[in-house]
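J.: Structure file target03.txt (compact mmCIF, C-alpha atoms) right here:
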# COMPACT_ATOMS: atom_id res chain seq x y z
CA MET A 1 12.49 15.22 11.13
CA GLU A 2 12.79 11.59 12.14
CA PRO A 3 16.17 10.41 13.44
CA GLY A 4 18.18 7.58 11.96
CA THR A 5 20.95 7.28 9.41
CA VAL A 6 19.76 7.11 5.83
CA ARG A 7 21.78 6.86 2.62
CA ILE A 8 20.35 8.65 -0.42
CA ALA A 9 21.68 8.23 -3.97
CA VAL A 10 21.26 11.53 -5.85
CA ASP A 11 21.31 11.63 -9.65
CA LEU A 12 23.57 14.62 -10.36
CA LEU A 13 22.75 14.70 -14.08
CA GLY A 14 18.96 14.66 -13.76
CA GLY A 15 17.09 17.90 -14.40
CA ASP A 16 17.06 20.89 -16.73
CA LYS A 17 19.75 22.75 -14.76
CA ALA A 18 21.83 19.81 -13.61
CA PRO A 19 24.32 19.38 -12.12
CA ALA A 20 24.57 22.83 -10.50
CA VAL A 21 21.02 22.97 -9.10
CA VAL A 22 21.18 19.35 -7.96
CA VAL A 23 24.44 19.97 -6.11
CA ASP A 24 23.02 23.08 -4.43
CA GLY A 25 19.88 21.18 -3.39
CA ALA A 26 21.90 18.28 -2.04
CA LEU A 27 23.94 20.73 0.03
CA ARG A 28 20.76 22.21 1.52
CA ALA A 29 19.42 18.79 2.45
CA PHE A 30 22.80 17.70 3.78
CA GLY A 31 23.07 20.71 6.08
CA ALA A 32 19.53 20.25 7.41
CA ASP A 33 19.84 16.56 8.31
CA PRO A 34 22.87 15.48 10.37
CA ASP A 35 21.98 11.79 9.93
CA LEU A 36 21.89 12.03 6.15
CA GLN A 37 24.53 10.33 4.02
CA LEU A 38 24.70 11.06 0.30
CA LEU A 39 25.89 9.10 -2.71
CA LEU A 40 26.45 11.65 -5.47
CA VAL A 41 26.02 9.80 -8.75
CA GLY A 42 27.57 11.54 -11.75
CA PRO A 43 30.89 12.94 -13.01
CA PRO A 44 33.30 13.29 -10.06
CA GLU A 45 34.14 16.84 -11.13
CA ALA A 46 30.46 17.79 -10.72
CA ALA A 47 30.66 16.75 -7.08
CA GLY A 48 33.86 18.72 -6.49
CA GLY A 49 32.09 21.92 -5.48
CA PHE A 50 29.98 20.01 -2.98
CA LEU A 51 32.96 18.38 -1.30
CA SER A 52 35.06 21.55 -1.27
CA VAL A 53 32.79 23.30 1.25
CA LEU A 54 32.61 20.38 3.70
CA SER A 55 34.70 19.74 6.76
CA PRO A 56 36.72 16.50 6.86
CA THR A 57 34.13 15.03 9.21
CA ASP A 58 31.25 15.83 6.90
CA ARG A 59 33.10 14.53 3.86
CA ALA A 60 32.95 11.10 5.44
CA ARG A 61 29.16 11.26 4.95
CA VAL A 62 29.51 11.65 1.17
CA THR A 63 30.44 9.11 -1.49
CA VAL A 64 30.94 9.90 -5.18
CA VAL A 65 29.73 7.24 -7.63
CA PRO A 66 31.13 7.95 -11.13
CA ALA A 67 28.59 8.05 -13.98
CA TYR A 68 28.98 10.04 -17.18
CA ASP A 69 25.97 9.36 -19.38
CA VAL A 70 22.55 10.99 -19.00
CA ALA A 71 19.08 9.83 -20.02
CA GLY A 72 17.84 13.03 -21.64
CA MET A 73 14.29 14.37 -21.55
CA THR A 74 13.77 13.50 -25.23
CA ASP A 75 15.46 10.08 -25.13
CA ASP A 76 13.57 6.80 -25.24
CA ALA A 77 12.81 5.65 -21.69
CA ALA A 78 14.49 2.32 -22.42
CA ARG A 79 17.77 4.23 -22.52
CA ALA A 80 17.55 4.36 -18.74
CA SER A 81 18.30 0.65 -18.57
CA ARG A 82 21.83 1.24 -19.83
CA PRO A 83 24.27 0.89 -16.93
CA GLY A 84 26.20 4.04 -17.88
CA THR A 85 23.37 6.51 -17.28
CA SER A 86 23.38 8.36 -14.00
CA VAL A 87 19.82 7.35 -13.07
CA ALA A 88 20.51 3.66 -13.73
CA ALA A 89 23.74 3.91 -11.71
CA ALA A 90 21.81 5.55 -8.86
CA VAL A 91 19.23 2.75 -8.85
CA ALA A 92 22.06 0.21 -8.89
CA THR A 93 23.34 1.56 -5.55
CA VAL A 94 20.03 0.58 -3.96
CA VAL A 95 20.14 -2.81 -5.65
CA ASP A 96 23.62 -3.55 -4.28
CA GLY A 97 22.79 -2.20 -0.82
CA SER A 98 25.02 0.88 -0.92
CA ALA A 99 22.04 3.26 -0.72
CA ASP A 100 18.59 3.20 0.83
CA ALA A 101 16.79 5.40 -1.70
CA VAL A 102 17.13 7.22 -5.03
CA VAL A 103 16.31 10.83 -5.92
CA SER A 104 16.32 12.08 -9.51
CA ALA A 105 15.01 15.14 -11.34
CA GLY A 106 15.70 13.52 -14.69
CA ALA A 107 13.20 12.34 -17.31
CA THR A 108 10.25 10.69 -15.55
CA GLY A 109 10.09 7.82 -18.04
CA ALA A 110 13.77 7.11 -17.51
CA THR A 111 13.42 7.12 -13.73
CA VAL A 112 10.38 4.83 -13.80
CA THR A 113 11.96 2.44 -16.30
CA ALA A 114 15.31 2.23 -14.52
CA SER A 115 13.59 1.67 -11.17
CA ALA A 116 11.22 -1.01 -12.46
CA LEU A 117 14.02 -2.88 -14.24
CA GLY A 118 16.54 -2.55 -11.44
CA LEU A 119 14.37 -2.95 -8.35
CA GLY A 120 11.55 -5.05 -9.75
CA ARG A 121 7.84 -4.39 -9.35
CA TRP A 122 5.44 -5.38 -6.62
CA PRO A 123 3.28 -8.42 -7.40
CA GLY A 124 0.30 -7.39 -9.48
CA VAL A 125 1.66 -3.93 -10.35
CA ARG A 126 2.26 -3.69 -14.08
CA ARG A 127 2.91 0.04 -14.19
CA PRO A 128 4.22 1.91 -11.13
CA ALA A 129 2.48 5.14 -10.14
CA LEU A 130 3.87 8.51 -9.07
CA VAL A 131 2.27 9.98 -5.96
CA ALA A 132 2.54 13.70 -5.19
CA THR A 133 1.36 15.52 -2.07
CA LEU A 134 -0.08 18.99 -2.69
CA PRO A 135 -0.48 21.72 -0.05
CA ALA A 136 -4.23 22.31 -0.27
CA VAL A 137 -6.06 24.95 1.76
CA ALA A 138 -7.52 22.50 4.28
CA GLY A 139 -4.41 20.31 4.47
CA PRO A 140 -2.28 18.08 2.25
CA VAL A 141 -3.93 16.18 -0.61
CA VAL A 142 -2.31 13.15 -2.22
CA LEU A 143 -2.69 13.06 -6.01
CA VAL A 144 -2.11 9.75 -7.80
CA ASP A 145 -1.01 9.26 -10.56
CA VAL A 146 1.04 12.25 -11.73
CA GLY A 147 2.97 10.66 -14.57
CA GLY A 148 3.98 7.08 -13.86
CA SER A 149 1.34 5.48 -16.07
CA LEU A 150 -0.65 7.25 -18.77
CA GLU A 151 -3.36 4.58 -18.90
CA ALA A 152 -6.92 5.55 -18.01
CA ARG A 153 -8.38 2.05 -17.69
CA PRO A 154 -10.81 1.29 -14.85
CA THR A 155 -8.54 -1.30 -13.24
CA THR A 156 -5.61 1.14 -13.42
CA LEU A 157 -7.65 3.80 -11.64
CA ALA A 158 -8.77 1.23 -9.05
CA ARG A 159 -5.16 0.25 -8.45
CA HIS A 160 -4.19 3.91 -8.06
CA ALA A 161 -6.86 4.25 -5.38
CA VAL A 162 -5.37 1.34 -3.46
CA LEU A 163 -1.83 2.70 -3.79
CA GLY A 164 -2.86 6.22 -2.83
CA ALA A 165 -4.82 5.09 0.22
CA ALA A 166 -1.96 2.95 1.49
CA TYR A 167 0.61 5.70 0.86
CA THR A 168 -1.47 8.30 2.68
CA ALA A 169 -1.98 6.05 5.67
CA VAL A 170 1.73 5.20 5.94
CA ALA A 171 3.57 8.32 4.76
CA HIS A 172 1.26 10.89 6.32
CA GLY A 173 -0.28 8.85 9.12
CA THR A 174 -3.76 9.90 7.98
CA PRO A 175 -6.45 7.85 9.76
CA GLU A 176 -9.15 6.50 7.45
CA PRO A 177 -8.13 8.49 4.34
CA ARG A 178 -10.97 9.79 2.17
CA VAL A 179 -10.47 8.73 -1.46
CA GLY A 180 -12.09 10.53 -4.40
CA LEU A 181 -12.03 9.88 -8.14
CA LEU A 182 -11.29 12.95 -10.27
CA SER A 183 -13.96 13.70 -12.86
CA ILE A 184 -15.89 16.60 -14.43
CA GLY A 185 -18.67 16.55 -11.83
CA THR A 186 -19.56 14.92 -8.55
CA GLU A 187 -22.83 13.30 -9.66
CA PRO A 188 -22.76 9.54 -10.44
CA GLY A 189 -22.37 8.92 -14.16
CA LYS A 190 -20.19 11.98 -14.79
CA GLY A 191 -17.00 11.65 -16.78
CA ASP A 192 -15.62 9.53 -19.60
CA ARG A 193 -15.98 5.76 -19.97
CA ALA A 194 -13.04 4.99 -17.72
CA ARG A 195 -14.34 7.16 -14.89
CA ARG A 196 -17.91 5.87 -15.25
CA ALA A 197 -16.65 2.29 -15.13
CA ALA A 198 -14.23 2.86 -12.24
CA ASP A 199 -16.72 4.63 -9.96
CA PRO A 200 -18.79 1.55 -9.01
CA VAL A 201 -15.64 -0.57 -8.78
CA LEU A 202 -14.16 1.79 -6.19
CA ALA A 203 -17.47 2.01 -4.33
CA ALA A 204 -17.44 -1.77 -3.87
CA GLN A 205 -13.72 -2.18 -3.26
CA ALA A 206 -12.18 -2.54 0.18
CA LEU A 207 -9.36 0.00 0.50
CA PRO A 208 -6.31 -0.41 2.76
CA GLY A 209 -5.46 1.70 5.79
CA GLY A 210 -9.10 2.09 6.81
CA ALA A 211 -9.65 4.30 3.76
CA ARG A 212 -13.14 4.95 2.39
CA TYR A 213 -14.26 5.94 -1.07
CA ILE A 214 -16.33 9.15 -1.13
CA GLY A 215 -17.17 9.20 -4.85
CA LEU A 216 -16.36 11.64 -7.65
CA VAL A 217 -14.52 14.90 -7.00
CA GLU A 218 -13.63 17.86 -9.19
CA GLY A 219 -10.44 19.78 -9.87
CA TYR A 220 -11.01 22.43 -7.23
CA ASP A 221 -11.26 19.70 -4.57
CA VAL A 222 -7.54 19.07 -5.10
CA ALA A 223 -6.65 22.67 -4.26
CA LEU A 224 -9.16 23.01 -1.42
CA GLY A 225 -8.58 19.65 0.28
CA GLU A 226 -11.90 19.70 2.12
CA ARG A 227 -13.57 16.60 0.64
CA ALA A 228 -10.76 14.14 -0.06
CA ASP A 229 -7.33 13.24 1.30
CA VAL A 230 -6.52 11.21 -1.84
CA VAL A 231 -7.52 12.14 -5.40
CA VAL A 232 -7.24 9.41 -8.02
CA THR A 233 -6.69 9.92 -11.73
CA ASP A 234 -4.56 8.70 -14.64
CA GLY A 235 -0.95 9.82 -15.04
CA PHE A 236 -1.65 12.06 -18.04
CA THR A 237 -4.44 14.04 -16.38
CA GLY A 238 -2.64 14.06 -13.04
CA ASN A 239 0.56 15.45 -14.52
CA VAL A 240 -1.33 18.23 -16.33
CA LEU A 241 -3.27 19.09 -13.16
CA LEU A 242 -0.15 19.06 -10.99
CA LYS A 243 1.69 21.52 -13.24
CA ALA A 244 -1.37 23.74 -13.58
CA ILE A 245 -1.67 23.97 -9.80
CA GLU A 246 2.05 24.67 -9.46
CA GLY A 247 1.68 27.48 -11.99
CA ALA A 248 -1.32 28.90 -10.13
CA TYR A 249 0.63 28.86 -6.86
CA ALA A 250 3.46 30.74 -8.56
CA LEU A 251 1.06 33.41 -9.84
CA ALA A 252 -0.54 33.69 -6.40
CA GLY A 253 2.82 34.20 -4.69
CA GLY A 254 3.16 30.71 -3.23
CA PRO A 255 1.16 27.74 -1.97
CA PRO A 256 -1.41 27.96 0.85
CA THR A 257 -0.14 28.66 4.35
CA SER A 258 -0.83 25.02 5.26
CA GLY A 259 2.32 24.28 3.21
CA GLY A 260 4.56 21.46 4.33
CA ALA A 261 4.09 19.32 1.22
CA PRO A 262 7.25 17.99 -0.43
CA ARG A 263 7.80 19.28 -3.95
CA ALA A 264 8.51 15.81 -5.29
CA ALA A 265 6.70 12.56 -6.07
CA ALA A 266 7.22 9.08 -4.69
CA LEU A 267 7.24 6.13 -7.09
CA LEU A 268 4.99 3.34 -5.84
CA GLY A 269 5.00 -0.21 -7.11
CA VAL A 270 8.76 -0.89 -7.25
CA GLY A 271 10.91 -2.73 -4.75
CA GLY A 272 12.65 0.27 -3.25
CA THR A 273 12.32 3.92 -2.28
CA VAL A 274 12.43 6.19 -5.34
CA VAL A 275 11.58 9.90 -5.45
CA ALA A 276 11.21 11.93 -8.65
CA CYS A 277 11.59 15.71 -8.73
CA HIS A 278 10.34 18.02 -11.48
CA GLY A 279 12.74 18.48 -14.38
CA ALA A 280 12.66 22.23 -13.76
CA ALA A 281 13.38 21.72 -10.06
CA ARG A 282 15.18 24.43 -8.09
CA ASP A 283 17.66 23.70 -5.35
CA ASP A 284 14.95 23.80 -2.66
CA ASP A 285 12.89 21.32 -4.70
CA ILE A 286 15.83 18.92 -4.81
CA ALA A 287 16.31 19.33 -1.05
CA SER A 288 12.59 18.64 -0.56
CA GLY A 289 12.85 15.46 -2.63
CA ILE A 290 15.83 14.22 -0.64
CA ALA A 291 13.97 14.94 2.62
CA LEU A 292 10.95 13.00 1.32
CA ALA A 293 13.12 10.01 0.40
CA ALA A 294 14.70 10.06 3.87
CA HIS A 295 11.28 10.29 5.51
CA LEU A 296 9.91 7.34 3.53
CA HIS A 297 12.91 5.15 4.29
CA ARG A 298 12.89 5.96 7.99
CA ARG A 299 9.21 5.04 8.17
CA GLY A 300 9.82 1.77 6.35
CA ALA A 301 7.18 2.99 3.90
CA VAL A 302 7.83 0.55 1.06
CA ALA A 303 7.42 -2.53 3.26
CA ALA A 304 4.49 -1.03 5.17
CA ILE A 305 2.60 -0.05 2.02
CA ALA A 306 3.26 -3.44 0.42
CA ALA A 307 1.83 -5.12 3.53
CA LEU A 308 -1.34 -3.00 3.38
CA LEU A 309 -1.79 -3.90 -0.27
CA ALA A 310 -1.57 -7.65 0.19
CA ASP A 311 -5.33 -8.28 0.45
CA ALA A 312 -6.54 -5.56 -1.92
CA GLN A 313 -4.11 -6.70 -4.61
CA GLY A 314 -5.77 -10.06 -5.03
CA ARG A 315 -9.11 -8.54 -5.99
CA LEU A 316 -7.56 -6.29 -8.63
CA ASP A 317 -5.60 -9.22 -10.07
CA ASP A 318 -8.82 -11.23 -10.36
CA ALA A 319 -10.45 -8.33 -12.20
CA GLU A 320 -7.61 -8.06 -14.69
CA ARG A 321 -7.47 -11.82 -15.29
CA SER A 322 -11.22 -11.90 -15.90
CA GLY A 323 -10.71 -9.95 -19.13
CA LYS A 324 -13.70 -7.73 -18.41
CA ASP A 325 -11.81 -4.44 -18.44
CA ASN A 326 -13.53 -3.40 -21.67
CA TRP A 327 -14.79 0.04 -20.67
CA SER A 328 -18.21 -1.42 -19.86
CA GLY A 329 -17.93 -1.00 -16.11
CA LYS A 330 -18.86 -4.67 -15.52
CA LEU A 331 -15.89 -5.37 -13.28
CA PRO A 332 -16.21 -7.36 -10.05
So that I can check it, write out the structure of this file as structure tokens.
T.:
Amino acid sequence: MEPGTVRIAVDLLGGDKAPAVVVDGALRAFGADPDLQLLLVGPPEAAGGFLSVLSPTDRARVTVVPAYDVAGMTDDAARASRPGTSVAAAVATVVDGSADAVVSAGATGATVTASALGLGRWPGVRRPALVATLPAVAGPVVLVDVGGSLEARPTTLARHAVLGAAYTAVAHGTPEPRVGLLSIGTEPGKGDRARRAADPVLAAQALPGGARYIGLVEGYDVALGERADVVVTDGFTGNVLLKAIEGAYALAGGPPTSGGAPRAAALLGVGGTVVACHGAARDDDIASGIALAAHLHRRGAVAAIAALLADAQGRLDDAERSGKDNWSGKLP
């Protein structure tokens, strides 16, 4: 664990079993990291159990930020922009400089919307992407997108490749990450129109962090981790695949012994560190998400990834402005 004080805003009302599970997870993370400071965002009474078990010295590391409204799983994502919701209040602490990062297990759409509206988006990024690291047999595999954007357009997939490569290089320190595009076969021409159009674009595109495109990969490559360090797909497919793999791990008694992958996803494309946990997160999942947020902040990941993207972004912007993203594959 890297040293250095970091302040994490935790959405107490996000998740299926909030606030109890969130409080328990925050306690686990708090006990494991002596340099961690927490802003507990939600009803003050929900934070009471957390504070009651702390020594006076440790209580100084915790701040309660009152918020009483919740953006529910079935609510419109735009609801997240309302200042009274806990996720919007958590994002606001990063905006005003009180916190360094946000962690929420609430509705993904609400977290993405609140973060994009509150923190702003990186130049050229229309829809932020969620990046998850999975504990594959041969080592961690970064899967992008897992729910930030449901689009399956060629330029969206190309942008996900750029984001995933930069994230892997910065967050995991992977030299020359291998990037694959998820499809139904590894032979050129396999897949739907979006995949067939994106494949040659990625083959010709310079990727950040010394990354190289290896071509099409299949679903089992995500679990094995032998061919690619980064697997690119759209948010709909990625979210389905992520949950299917999680279910398979549960049936098998746990993930591979390589382990070590945080059970949370980082939101890329917004002007701050944001980590989303699964709505059905357990306390150890919440703790894992908080640890990931701390890790990313201590590494200066947002600034480092944005710097790596500077050159690659221009080419994707030119492609989008050209108006040729018509499923034909004739992108520059």
J.: For A:Thr237, which residue among A:Ala169, A:Leu119, A:Leu181, A:Ala46 is the nearest when counting all atoms listed in the file?
T.: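 Ranking A:Ala169, A:Leu119, A:Leu181, A:Ala46 by distance to A:Thr237, first place goes to A:Leu181.
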J.: Hey, can you check how far atom CA of A:Val95 sits from atom CA of A:Leu308?
T.: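 Spanning atom CA of A:Val95 to atom CA of A:Leu308 is a straight-line distance of 23.3 Å.
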J.: One number please: atom CA of A:Pro44 to atom CA of A:Ala67, in Å, one decimal.
T.: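 Taking atom CA of A:Pro44 and atom CA of A:Ala67, their separation equals 8.1 Å.
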J.: Between A:Thr155, A:Thr168, A:Thr174, A:Gln37, single out the one closest to A:Ala197, counting all atoms listed in the file.
T.: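 Checking each candidate against A:Ala197, we get A:Thr155 as the closest.
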J.: Take the point (-13.9, 17.4, -1.1) in the file's coordinates, draw a sphere of radius 12 Å around it, and report as JSON, numbers by chain every protein, DNA or RNA residue with an atom inside or on it, counting all atoms listed in the file.
T.: {"A": [136, 137, 138, 139, 141, 177, 178, 179, 180, 181, 182, 185, 186, 213, 214, 215, 216, 217, 218, 219, 220, 221, 222, 223, 224, 225, 226, 227, 228, 229, 230, 231]}
J.: Next, dump the selected residues to file, keeping only C-alpha atoms, as a CSV table (one decimal), in the frame of the given file.
T.:
chain,number,residue,atom,x,y,z
A,136,ALA,CA,-4.2,22.3,-0.3
A,137,VAL,CA,-6.1,25.0,1.8
A,138,ALA,CA,-7.5,22.5,4.3
A,139,GLY,CA,-4.4,20.3,4.5
A,141,VAL,CA,-3.9,16.2,-0.6
A,177,PRO,CA,-8.1,8.5,4.3
A,178,ARG,CA,-11.0,9.8,2.2
A,179,VAL,CA,-10.5,8.7,-1.5
A,180,GLY,CA,-12.1,10.5,-4.4
A,181,LEU,CA,-12.0,9.9,-8.1
A,182,LEU,CA,-11.3,13.0,-10.3
A,185,GLY,CA,-18.7,16.6,-11.8
A,186,THR,CA,-19.6,14.9,-8.6
A,213,TYR,CA,-14.3,5.9,-1.1
A,214,ILE,CA,-16.3,9.2,-1.1
A,215,GLY,CA,-17.2,9.2,-4.8
A,216,LEU,CA,-16.4,11.6,-7.6
A,217,VAL,CA,-14.5,14.9,-7.0
A,218,GLU,CA,-13.6,17.9,-9.2
A,219,GLY,CA,-10.4,19.8,-9.9
A,220,TYR,CA,-11.0,22.4,-7.2
A,221,ASP,CA,-11.3,19.7,-4.6
A,222,VAL,CA,-7.5,19.1,-5.1
A,223,ALA,CA,-6.6,22.7,-4.3
A,224,LEU,CA,-9.2,23.0,-1.4
A,225,GLY,CA,-8.6,19.6,0.3
A,226,GLU,CA,-11.9,19.7,2.1
A,227,ARG,CA,-13.6,16.6,0.6
A,228,ALA,CA,-10.8,14.1,-0.1
A,229,ASP,CA,-7.3,13.2,1.3
A,230,VAL,CA,-6.5,11.2,-1.8
A,231,VAL,CA,-7.5,12.1,-5.4
J.: Which is closer to A:Ala280 than all the others in A:Val62, A:Ala264, A:Ala116, A:Leu292, using all atoms listed in the file?
T.: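 Nearest to A:Ala280: A:Ala264.
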J.: Hey, which of A:Ala194, A:Ala303, A:Ile290, A:Ala266 ends up closest to A:Ser115? Count only C-alpha atoms.
T.: A:Ala266
J.: Counting all atoms listed in the file, note down every residue that has an atom within 10 Å of the point (21.4, 21.9, -9.2) (file coordinates), as number ranges by chain.
T.: A: 12-27, 105, 280-287
J.: Would you save the residues of that selection, restricted to C-alpha atoms, as a CSV table (one decimal), in the coordinates of the input?
T.:
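The resulting result.csv:
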chain,number,residue,atom,x,y,z
A,12,LEU,CA,23.6,14.6,-10.4
A,13,LEU,CA,22.8,14.7,-14.1
A,14,GLY,CA,19.0,14.7,-13.8
A,15,GLY,CA,17.1,17.9,-14.4
A,16,ASP,CA,17.1,20.9,-16.7
A,17,LYS,CA,19.8,22.8,-14.8
A,18,ALA,CA,21.8,19.8,-13.6
A,19,PRO,CA,24.3,19.4,-12.1
A,20,ALA,CA,24.6,22.8,-10.5
A,21,VAL,CA,21.0,23.0,-9.1
A,22,VAL,CA,21.2,19.4,-8.0
A,23,VAL,CA,24.4,20.0,-6.1
A,24,ASP,CA,23.0,23.1,-4.4
A,25,GLY,CA,19.9,21.2,-3.4
A,26,ALA,CA,21.9,18.3,-2.0
A,27,LEU,CA,23.9,20.7,0.0
A,105,ALA,CA,15.0,15.1,-11.3
A,280,ALA,CA,12.7,22.2,-13.8
A,281,ALA,CA,13.4,21.7,-10.1
A,282,ARG,CA,15.2,24.4,-8.1
A,283,ASP,CA,17.7,23.7,-5.4
A,284,ASP,CA,15.0,23.8,-2.7
A,285,ASP,CA,12.9,21.3,-4.7
A,286,ILE,CA,15.8,18.9,-4.8
A,287,ALA,CA,16.3,19.3,-1.0
J.: Figure out the distance between atom CA of A:Leu51 and atom CA of A:Tyr68, please, to one decimal in Å.
T.: 18.4 Å
J.: Measuring atom to atom with all atoms listed in the file, identify which of A:Thr85, A:Gly42, A:Ala294, A:Ser149 is nearest to A:Gly109.
T.: A:Ser149
J.: Nearest residue to A:Val6 out of A:Trp122, A:Tyr167, A:Phe30, A:Phe50, using all atoms listed in the file?
T.: A:Phe30
J.: Which centre and edge lengths in Å to one decimal define the box along x, y and z that fits every listed atom of stretch 3-11 of chain A plus 5 Å per side, as lines of an AutoDock Vina configuration file?
T.:
center_x = 19.0
center_y = 9.2
center_z = 1.9
size_x = 15.6
size_y = 14.8
size_z = 33.1
J.: Give me, as a list in words, all polymer residues having an atom no more than 6 Å from A:Ala166, counting only C-alpha atoms and skipping those fewer than 4 positions away in the same chain.
T.: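 Skipping anything fewer than 4 positions along the chain leaves Pro208, Gly209 and Ile305 of chain A.
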J.: Write out as a list in words each polymer residue whose atoms come within 12 Å of A:Gly254, counting only C-alpha atoms; drop sequence neighbours fewer than 4 positions from it.
T.: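 Using only C-alpha atoms, the neighbours found are Pro135, Ala136, Val137, Ile245, Glu246, Gly247, Ala248, Tyr249, Ala250, Ser258 and Gly259 of chain A.
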